[in-house]
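Heads up, run25.cif below (mmCIF, C-alpha atoms):
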```cif
data_coords
#
loop_
_atom_site.label_atom_id
_atom_site.label_comp_id
_atom_site.auth_asym_id
_atom_site.auth_seq_id
_atom_site.Cartn_x
_atom_site.Cartn_y
_atom_site.Cartn_z
CA MET A 1 3.95 -47.45 88.71
CA SER A 2 5.13 -48.62 92.09
CA ALA A 3 4.86 -52.30 92.88
CA THR A 4 4.72 -53.58 96.41
CA ARG A 5 5.17 -56.99 97.98
CA THR A 6 1.64 -58.20 98.64
CA CYS A 7 2.33 -61.65 100.05
CA SER A 8 3.84 -62.63 103.34
CA SER A 9 3.70 -65.59 105.65
CA ASP A 10 0.51 -64.10 107.10
CA PRO A 11 -2.69 -63.07 105.29
CA LEU A 12 -4.36 -59.70 105.56
CA ASN A 13 -6.03 -59.04 108.86
CA ILE A 14 -8.85 -56.51 108.62
CA SER A 15 -10.50 -55.50 111.87
CA GLY A 16 -14.17 -56.47 111.98
CA TRP A 17 -14.15 -58.16 108.57
CA SER A 18 -16.47 -61.19 108.63
CA TRP A 19 -14.77 -63.21 105.86
CA GLN A 20 -11.32 -63.30 107.48
CA PRO A 21 -11.57 -67.06 108.32
CA PHE A 22 -12.13 -67.90 104.64
CA LEU A 23 -9.06 -65.95 103.53
CA ASP A 24 -7.03 -67.53 106.34
CA ASP A 25 -8.09 -70.99 105.10
CA ALA A 26 -7.14 -70.16 101.51
CA VAL A 27 -3.73 -68.78 102.40
CA GLN A 28 -3.00 -71.80 104.58
CA ALA A 29 -3.94 -74.14 101.71
CA LEU A 30 -1.60 -72.25 99.36
CA LYS A 31 1.43 -72.28 101.64
CA PRO A 32 2.78 -75.64 100.42
CA LEU A 33 3.01 -74.15 96.91
CA ASN A 34 5.71 -71.68 98.02
CA TYR A 35 3.86 -68.74 96.55
CA LYS A 36 5.61 -65.54 95.56
CA PRO A 37 4.40 -61.93 95.60
CA TYR A 38 2.24 -60.72 92.73
CA PRO A 39 2.85 -57.03 91.97
CA VAL A 40 0.04 -54.65 92.86
CA GLU A 41 0.27 -50.87 92.94
CA ASP A 42 0.42 -49.30 96.39
CA ARG A 43 -2.85 -47.41 95.89
CA PHE A 44 -4.75 -50.69 95.50
CA LEU A 45 -3.26 -52.57 98.42
CA TRP A 46 -5.11 -50.66 101.13
CA LYS A 47 -7.76 -47.98 100.61
CA GLN A 48 -9.97 -46.31 103.21
CA ASP A 49 -12.69 -43.71 102.99
CA GLN A 50 -15.85 -42.60 104.81
CA SER A 51 -19.34 -43.58 103.73
CA GLY A 52 -22.80 -43.14 105.23
CA SER A 53 -24.31 -39.96 106.59
CA LYS A 54 -22.50 -37.12 108.33
CA SER A 55 -24.16 -38.07 111.60
CA LYS A 56 -23.33 -41.76 111.24
CA PRO A 57 -20.16 -42.10 109.14
CA VAL A 58 -18.84 -45.56 108.33
CA THR A 59 -15.21 -46.31 107.58
CA VAL A 60 -14.88 -48.44 104.44
CA THR A 61 -11.68 -50.43 103.89
CA THR A 62 -10.72 -52.15 100.65
CA ALA A 63 -7.60 -54.34 100.73
CA THR A 64 -5.91 -56.63 98.22
CA TRP A 65 -3.86 -59.77 98.79
CA ALA A 66 -2.17 -61.33 95.74
CA CYS A 67 0.42 -63.96 94.92
CA GLN A 68 1.59 -66.27 92.13
CA THR A 69 2.87 -69.84 91.91
CA GLU A 70 4.42 -72.20 89.39
CA LYS A 71 1.01 -72.93 87.84
CA PHE A 72 -1.08 -69.91 88.87
CA ARG A 73 -0.55 -66.62 87.04
CA GLN A 74 -2.39 -64.69 89.73
CA VAL A 75 -4.12 -65.58 92.97
CA ARG A 76 -5.87 -62.62 94.48
CA ALA A 77 -8.30 -61.66 97.20
CA ALA A 78 -10.25 -58.42 97.00
CA CYS A 79 -11.60 -57.58 100.45
CA VAL A 80 -14.12 -54.91 101.44
CA SER A 81 -15.18 -54.10 104.99
CA GLY A 82 -17.76 -51.39 105.62
CA GLY A 83 -19.48 -51.61 108.96
CA ASP A 84 -21.80 -54.35 110.17
CA THR A 85 -23.64 -54.97 106.91
CA THR A 86 -21.08 -54.60 104.10
CA SER A 87 -18.40 -57.25 103.86
CA VAL A 88 -16.94 -58.80 100.70
CA LEU A 89 -14.35 -61.41 99.77
CA ASN A 90 -13.77 -61.96 96.06
CA PHE A 91 -11.16 -64.72 95.79
CA VAL A 92 -10.00 -65.82 92.33
CA ILE A 93 -7.23 -68.11 91.09
CA ASN A 94 -6.14 -67.43 87.52
CA PRO A 95 -4.15 -70.38 86.12
CA LEU A 96 -1.31 -70.02 83.64
CA SER A 97 -2.60 -70.87 80.18
CA ARG A 98 0.03 -73.55 79.66
CA PHE A 99 -1.92 -75.70 82.13
CA ASP A 100 -5.38 -77.01 81.28
CA LEU A 101 -7.17 -75.70 84.36
CA PRO A 102 -10.37 -73.77 85.07
CA PHE A 103 -10.51 -70.66 87.23
CA PHE A 104 -11.30 -70.93 90.92
CA GLY A 105 -13.89 -68.36 91.93
CA GLY A 106 -15.33 -67.57 95.34
CA ASP A 107 -17.64 -64.59 95.93
CA LEU A 108 -18.73 -64.05 99.52
CA VAL A 109 -20.79 -60.91 99.89
CA THR A 110 -22.71 -59.44 102.82
CA LEU A 111 -24.99 -56.47 102.11
CA PRO A 112 -27.87 -54.91 104.07
CA SER A 113 -30.23 -57.20 102.11
CA GLY A 114 -28.45 -60.42 103.12
CA HIS A 115 -25.58 -62.74 102.13
CA LEU A 116 -24.89 -63.55 98.45
CA LEU A 117 -22.51 -66.50 98.18
CA ALA A 118 -21.06 -68.24 95.12
CA LEU A 119 -18.41 -70.90 94.49
CA ASP A 120 -17.30 -72.43 91.21
CA LEU A 121 -14.49 -73.88 89.13
CA GLN A 122 -15.17 -71.74 86.10
CA PRO A 123 -14.23 -72.98 82.62
CA ALA A 124 -12.08 -71.11 80.14
CA ASP A 125 -14.12 -72.80 77.37
CA LYS A 126 -17.35 -74.46 78.46
CA SER A 127 -17.83 -76.14 75.06
CA ASP A 128 -14.46 -77.94 75.24
CA ALA A 129 -15.07 -81.40 76.72
CA ASP A 130 -11.35 -82.08 77.13
CA HIS A 131 -11.19 -78.99 79.33
CA THR A 132 -14.40 -79.49 81.31
CA LYS A 133 -15.19 -83.21 81.72
CA PRO A 134 -12.22 -84.15 83.94
CA VAL A 135 -13.14 -81.25 86.22
CA TRP A 136 -16.89 -81.72 86.29
CA ASP A 137 -16.66 -85.48 86.95
CA ARG A 138 -14.97 -84.64 90.25
CA LEU A 139 -16.74 -81.36 91.01
CA LEU A 140 -20.36 -82.44 90.67
CA PRO A 141 -20.39 -84.89 93.62
CA ILE A 142 -19.01 -82.11 95.84
CA PHE A 143 -21.58 -79.69 94.46
CA ASP A 144 -24.45 -82.14 95.08
CA LEU A 145 -23.36 -82.66 98.69
CA TRP A 146 -23.36 -78.98 99.63
CA ARG A 147 -26.20 -77.79 97.38
CA SER A 148 -28.62 -79.98 99.32
CA LYS A 149 -27.85 -78.01 102.49
CA LEU A 150 -28.40 -74.51 101.07
CA PRO A 151 -31.28 -72.63 99.43
CA ASP A 152 -30.88 -72.04 95.71
CA GLY A 153 -29.72 -68.54 94.76
CA GLY A 154 -32.00 -68.33 91.74
CA PRO A 155 -31.33 -68.19 87.97
CA ILE A 156 -28.24 -66.57 86.49
CA PRO A 157 -28.44 -64.37 83.37
CA GLU A 158 -28.26 -66.22 80.06
CA GLU A 159 -25.26 -64.17 78.96
CA ALA A 160 -23.35 -65.34 82.05
CA GLN A 161 -24.02 -69.05 81.62
CA PRO A 162 -20.98 -69.79 79.37
CA PHE A 163 -18.72 -68.68 82.22
CA PHE A 164 -20.09 -71.00 84.92
CA SER A 165 -19.93 -74.77 85.38
CA PRO A 166 -22.79 -77.15 86.30
CA GLY A 167 -21.16 -77.18 89.75
CA PHE A 168 -21.87 -73.48 90.34
CA LEU A 169 -22.88 -73.30 94.01
CA TRP A 170 -24.98 -70.18 94.45
CA THR A 171 -27.10 -69.25 97.44
CA ARG A 172 -28.70 -66.34 99.27
CA LEU A 173 -28.86 -66.38 103.05
CA PRO A 174 -30.52 -64.02 105.53
CA LEU A 175 -28.61 -61.83 107.94
CA GLY A 176 -28.65 -62.88 111.55
CA GLU A 177 -28.04 -66.09 113.45
CA GLU A 178 -29.63 -68.48 110.94
CA GLY A 179 -27.55 -67.24 108.04
CA GLN A 180 -24.34 -67.15 110.07
CA GLN A 181 -24.88 -70.72 111.22
CA LEU A 182 -25.10 -71.90 107.61
CA ILE A 183 -22.01 -69.89 106.70
CA ASN A 184 -20.04 -71.58 109.49
CA THR A 185 -21.30 -75.13 109.02
CA VAL A 186 -21.93 -75.34 105.26
CA VAL A 187 -20.45 -72.48 103.25
CA ARG A 188 -16.99 -72.56 104.84
CA PRO A 189 -16.47 -76.33 104.44
CA ALA A 190 -17.88 -76.09 100.90
CA PHE A 191 -15.38 -73.31 100.11
CA ASN A 192 -12.55 -75.49 101.35
CA ALA A 193 -13.82 -78.56 99.46
CA TYR A 194 -13.93 -76.61 96.20
CA LEU A 195 -10.49 -75.13 96.84
CA ASN A 196 -8.94 -78.46 97.81
CA LEU A 197 -10.27 -80.08 94.63
CA TYR A 198 -8.87 -77.21 92.60
CA LEU A 199 -5.44 -77.58 94.17
CA GLU A 200 -5.52 -81.34 93.51
CA LEU A 201 -6.33 -80.70 89.84
CA ALA A 202 -3.51 -78.17 89.65
CA ALA A 203 -1.02 -80.55 91.26
CA ALA A 204 -1.75 -83.14 88.56
CA ALA A 205 -1.75 -80.69 85.63
CA GLU A 206 1.01 -81.03 83.04
CA PRO A 207 2.10 -78.41 80.48
CA VAL A 208 0.11 -78.45 77.23
CA SER A 209 1.16 -77.84 73.64
CA ASN A 210 1.56 -74.31 72.30
CA GLN A 211 -1.59 -74.70 70.23
CA ARG A 212 -3.57 -75.84 73.25
CA ARG A 213 -2.08 -73.02 75.33
CA ASP A 214 -3.25 -70.42 72.79
CA HIS A 215 -6.75 -71.93 72.79
CA LEU A 216 -6.94 -71.78 76.59
CA LEU A 217 -5.54 -68.24 76.67
CA ALA A 218 -8.25 -67.06 74.27
CA GLY A 219 -10.88 -68.55 76.56
CA GLN A 220 -9.30 -66.98 79.62
CA ARG A 221 -9.39 -63.59 77.94
CA ARG A 222 -13.08 -63.95 77.09
CA TYR A 223 -13.74 -64.80 80.73
CA THR A 224 -11.74 -61.90 82.19
CA ASP A 225 -13.17 -59.43 79.66
CA TYR A 226 -16.68 -60.48 80.64
CA ARG A 227 -15.94 -60.30 84.35
CA ALA A 228 -14.40 -56.84 84.02
CA GLU A 229 -17.35 -55.56 82.01
CA LYS A 230 -20.00 -57.01 84.33
CA ASP A 231 -18.28 -56.77 87.72
CA PRO A 232 -21.15 -56.40 90.22
CA ALA A 233 -18.89 -54.56 92.67
CA ARG A 234 -18.44 -51.63 90.28
CA GLY A 235 -21.35 -49.61 91.65
CA MET A 236 -20.39 -50.14 95.28
CA LEU A 237 -16.71 -49.31 94.75
CA THR A 238 -17.56 -46.26 92.65
CA ARG A 239 -19.79 -44.99 95.43
CA PHE A 240 -16.98 -45.45 97.94
CA TYR A 241 -13.93 -44.33 95.94
CA GLY A 242 -15.01 -42.72 92.67
CA LYS A 243 -15.03 -43.90 89.07
CA GLU A 244 -11.36 -43.38 88.21
CA TRP A 245 -9.97 -45.49 91.05
CA THR A 246 -12.65 -48.15 90.60
CA GLU A 247 -12.11 -48.63 86.86
CA ALA A 248 -8.34 -48.80 87.34
CA TYR A 249 -8.76 -51.36 90.13
CA ILE A 250 -11.08 -53.55 88.05
CA HIS A 251 -8.92 -53.52 84.93
CA THR A 252 -5.39 -53.52 86.38
CA VAL A 253 -5.85 -55.66 89.49
CA LEU A 254 -9.03 -57.73 89.53
CA PHE A 255 -9.07 -58.70 85.85
CA ASP A 256 -5.65 -57.78 84.50
CA LEU A 257 -5.05 -60.45 81.84
#
```

Would you give me this structure, written as structure tokens?
Amino acid sequence: MSATRTCSSDPLNISGWSWQPFLDDAVQALKPLNYKPYPVEDRFLWKQDQSGSKSKPVTVTTATWACQTEKFRQVRAACVSGGDTTSVLNFVINPLSRFDLPFFGGDLVTLPSGHLLALDLQPADKSDADHTKPVWDRLLPIFDLWRSKLPDGGPIPEEAQPFFSPGFLWTRLPLGEEGQQLINTVVRPAFNAYLNLYLELAAAAEPVSNQRRDHLLAGQRRYTDYRAEKDPARGMLTRFYGKEWTEAYIHTVLFDL
């Protein structure tokens, strides 16, 4: 396995990729933490292939940006750019289990059918009030502010509910000027508000006992196992790059705990 430095002073810059400003914001917010590279195999750092018809081929690019900090085991951005109507940023912060923190999750997806956008501070154990209440007390006012400005994305599957907080911000927006205006004026500031709260919680987090660490780690594993099994990008990535590459990417990069 070859590991490559995946962090630098500058974030990825993918030509024509619509979610670049969000990744730029996230990287800028992380800079004070003096992040270090997180190892990712060369074959997952930058991948390109052709999709579409022979008469109208589309170049699809998938790129990965990843780092780690004193309290975050893995911070990673999975980025997909495929023409005018396929653009994805999946940005996740995985905390070290010795700190009582949720996951940060941001899914920003553009498909031919529209924009699918989700933000959350996702619990390792939703039933654990010591883990969730300090987060939700601060998250819910932020959620209420931005939820009122966006259409609701609809129900989530019952099996997924243990892995989301009451502050799960989930919306669907149309393509075109109306949707883009809401992305610029609502979704981007909401993304930064969620991320800034998460970084504030992390700054205040102190190491926990070994017993508590093991409890949190078990919850983190349940979360990552579920996400790997149900990753909604699996079909799209398989269509672009094949099953072998896709399954390796999901299990060794996206959800590698």

Subject >> Among the residues A:Val187, A:Cys79, A:Ala160, A:Ile250, the one that comes closest to Arg172 of chain A [using only C-alpha atoms] >> reply: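 Of A:Val187, A:Cys79, A:Ala160, A:Ile250, the one nearest Arg172 of chain A is A:Val187, counting only C-alpha atoms.
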
Original post:
In Å to one decimal, how far is atom CA of Ala233 of chain A from atom CA of Gln220 of chain A?
Top reply: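 These atoms are spaced 20.4 Å apart.
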
**OP:** Mind checking which residues fall within 9 Å of Asp214 of chain A, counting only C-alpha atoms, ignoring those fewer than 5 positions away in the same chain, and posting them as number ranges by chain?
**Re:** A: 97-98, 209, 219

**OP:** Please indicate the distance in Å from atom CA of Ser15 of chain A to atom CA of Met236 of chain A, rounded to one decimal place.
**Re:** 20.0 Å

Original post:
Of the candidates A:Leu237, A:Gly82, A:Val186, A:Phe72, which one gets nearest to Pro57 of chain A if we count only C-alpha atoms?
Top reply: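 Answer, going by the shortest atom-to-atom distance: A:Gly82.
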
Original post:
From the set A:Leu30, A:Phe255, A:Glu229, A:Gln180, which residue has the shortest atom-to-atom contact distance to Asn196 of chain A, counting all atoms listed in the file?
Top reply: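 Ranking A:Leu30, A:Phe255, A:Glu229, A:Gln180 by distance to Asn196 of chain A, first place goes to A:Leu30.
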
So which residues get picked by the PyMOL selection byres ((chain A and resi 139) around 10) here, written as a tab-separated table (two decimals) with C-alpha atoms, in the frame of the given file?
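Listing of out_39.tsv after writing:
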```tsv
chain	number	residue	atom	x	y	z
A	120	ASP	CA	-17.30	-72.43	91.21
A	121	LEU	CA	-14.49	-73.88	89.13
A	133	LYS	CA	-15.19	-83.21	81.72
A	134	PRO	CA	-12.22	-84.15	83.94
A	135	VAL	CA	-13.14	-81.25	86.22
A	136	TRP	CA	-16.89	-81.72	86.29
A	137	ASP	CA	-16.66	-85.48	86.95
A	138	ARG	CA	-14.97	-84.64	90.25
A	140	LEU	CA	-20.36	-82.44	90.67
A	141	PRO	CA	-20.39	-84.89	93.62
A	142	ILE	CA	-19.01	-82.11	95.84
A	143	PHE	CA	-21.58	-79.69	94.46
A	144	ASP	CA	-24.45	-82.14	95.08
A	165	SER	CA	-19.93	-74.77	85.38
A	166	PRO	CA	-22.79	-77.15	86.30
A	167	GLY	CA	-21.16	-77.18	89.75
A	168	PHE	CA	-21.87	-73.48	90.34
A	193	ALA	CA	-13.82	-78.56	99.46
A	194	TYR	CA	-13.93	-76.61	96.20
A	197	LEU	CA	-10.27	-80.08	94.63
A	198	TYR	CA	-8.87	-77.21	92.60
```

Original post:
Counting all atoms listed in the file, which of A:Asn210, A:Gln48, A:Thr110, A:Thr224 gets nearest to Trp19 of chain A?
Top reply: A:Thr110

**OP:** Would you write out, as a VMD selection string, every residue that the PyMOL selection byres ((chain A and resi 222) around 12) captures in this file?
**Re:** chain A and resid 123 to 126 160 162 to 163 215 to 221 223 to 229 255 257

Original post:
What's the 7 Å shell around Gly114 of chain A, counting only C-alpha atoms, without same-chain residues fewer than 4 positions away, as a ChimeraX atom specification?
Top reply: /A:110,173-175

**OP:** Write out as a ChimeraX atom specification the residues lying within 8 Å of Leu254 of chain A, counting all atoms listed in the file and excluding same-chain residues fewer than 2 positions away.
**Re:** /A:76,78,228,249-252,256

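Shortest separation to Gln122 of chain A among A:Trp65, A:Trp146, A:Phe164, A:Phe99 occurs at residue A:Phe164, atoms counted being all atoms listed in the file.
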
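Taking atom CA of Asn34 of chain A as the reference point, atom CA of Arg188 of chain A is found at 23.7 Å.
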
Original post:
Got a sec: who's within 12 Å of Asn184 of chain A, counting only C-alpha atoms, leaving out chain neighbours fewer than 6 positions off, as a PyMOL selection string?
Top reply: chain A and resi 18-19+21-22+177-178+190-192

Original post:
So which residues touch Leu12 of chain A within 10 Å, counting only C-alpha atoms, skipping near sequence neighbours fewer than 6 positions away, as a PyMOL selection string?
Top reply: chain A and resi 6+20+23-24+27+63-65+77+79

**OP:** Using all atoms listed in the file, give me every residue within 7 Å of (-16.7, -66.5, 93.9) in file coordinates, as an NGL selection string.
**Re:** :A and (90-92 or 105-108 or 118-120)

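Put simply, the PyMOL selection byres ((chain A and resi 32) around 12) on this file hits Ser9, Ala26, Val27, Gln28, Ala29, Leu30, Lys31, Leu33, Asn34, Tyr35, Lys36, Thr69, Glu70, Leu199 and Ala203 of chain A.
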
Subject >> Of the listed residues A:Val40, A:Leu96, A:Cys67, A:Val88, that which approaches Pro207 of chain A most closely, counting only C-alpha atoms >> reply: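 Nearest candidate to Pro207 of chain A out of A:Val40, A:Leu96, A:Cys67, A:Val88: A:Leu96.
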
Quick one: segment 24-47 of chain A with C-alpha atoms, as a PDB file, in the first residue's frame?
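As written to disk, out.pdb reads:
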```pdb
ATOM      1  CA  ASP A  24     -12.504  26.021   1.109  1.00  0.00           C
ATOM      2  CA  ASP A  25     -14.518  27.209   4.136  1.00  0.00           C
ATOM      3  CA  ALA A  26     -13.957  23.923   5.970  1.00  0.00           C
ATOM      4  CA  VAL A  27     -10.224  23.840   5.342  1.00  0.00           C
ATOM      5  CA  GLN A  28      -9.892  27.454   6.455  1.00  0.00           C
ATOM      6  CA  ALA A  29     -11.775  26.669   9.685  1.00  0.00           C
ATOM      7  CA  LEU A  30      -9.451  23.716  10.369  1.00  0.00           C
ATOM      8  CA  LYS A  31      -6.190  25.595   9.835  1.00  0.00           C
ATOM      9  CA  PRO A  32      -5.861  26.803  13.445  1.00  0.00           C
ATOM     10  CA  LEU A  33      -5.829  23.137  14.549  1.00  0.00           C
ATOM     11  CA  ASN A  34      -2.502  22.527  12.784  1.00  0.00           C
ATOM     12  CA  TYR A  35      -3.819  19.484  10.984  1.00  0.00           C
ATOM     13  CA  LYS A  36      -1.545  16.751   9.699  1.00  0.00           C
ATOM     14  CA  PRO A  37      -1.870  14.472   6.663  1.00  0.00           C
ATOM     15  CA  TYR A  38      -4.098  11.426   6.923  1.00  0.00           C
ATOM     16  CA  PRO A  39      -2.771   8.532   4.815  1.00  0.00           C
ATOM     17  CA  VAL A  40      -4.784   7.644   1.729  1.00  0.00           C
ATOM     18  CA  GLU A  41      -3.675   5.336  -1.062  1.00  0.00           C
ATOM     19  CA  ASP A  42      -2.639   7.038  -4.297  1.00  0.00           C
ATOM     20  CA  ARG A  43      -5.424   5.368  -6.290  1.00  0.00           C
ATOM     21  CA  PHE A  44      -8.071   7.070  -4.142  1.00  0.00           C
ATOM     22  CA  LEU A  45      -6.620  10.566  -4.126  1.00  0.00           C
ATOM     23  CA  TRP A  46      -7.547  11.423  -7.705  1.00  0.00           C
ATOM     24  CA  LYS A  47      -9.553   9.254 -10.112  1.00  0.00           C
TER      25      LYS A  47
END
```
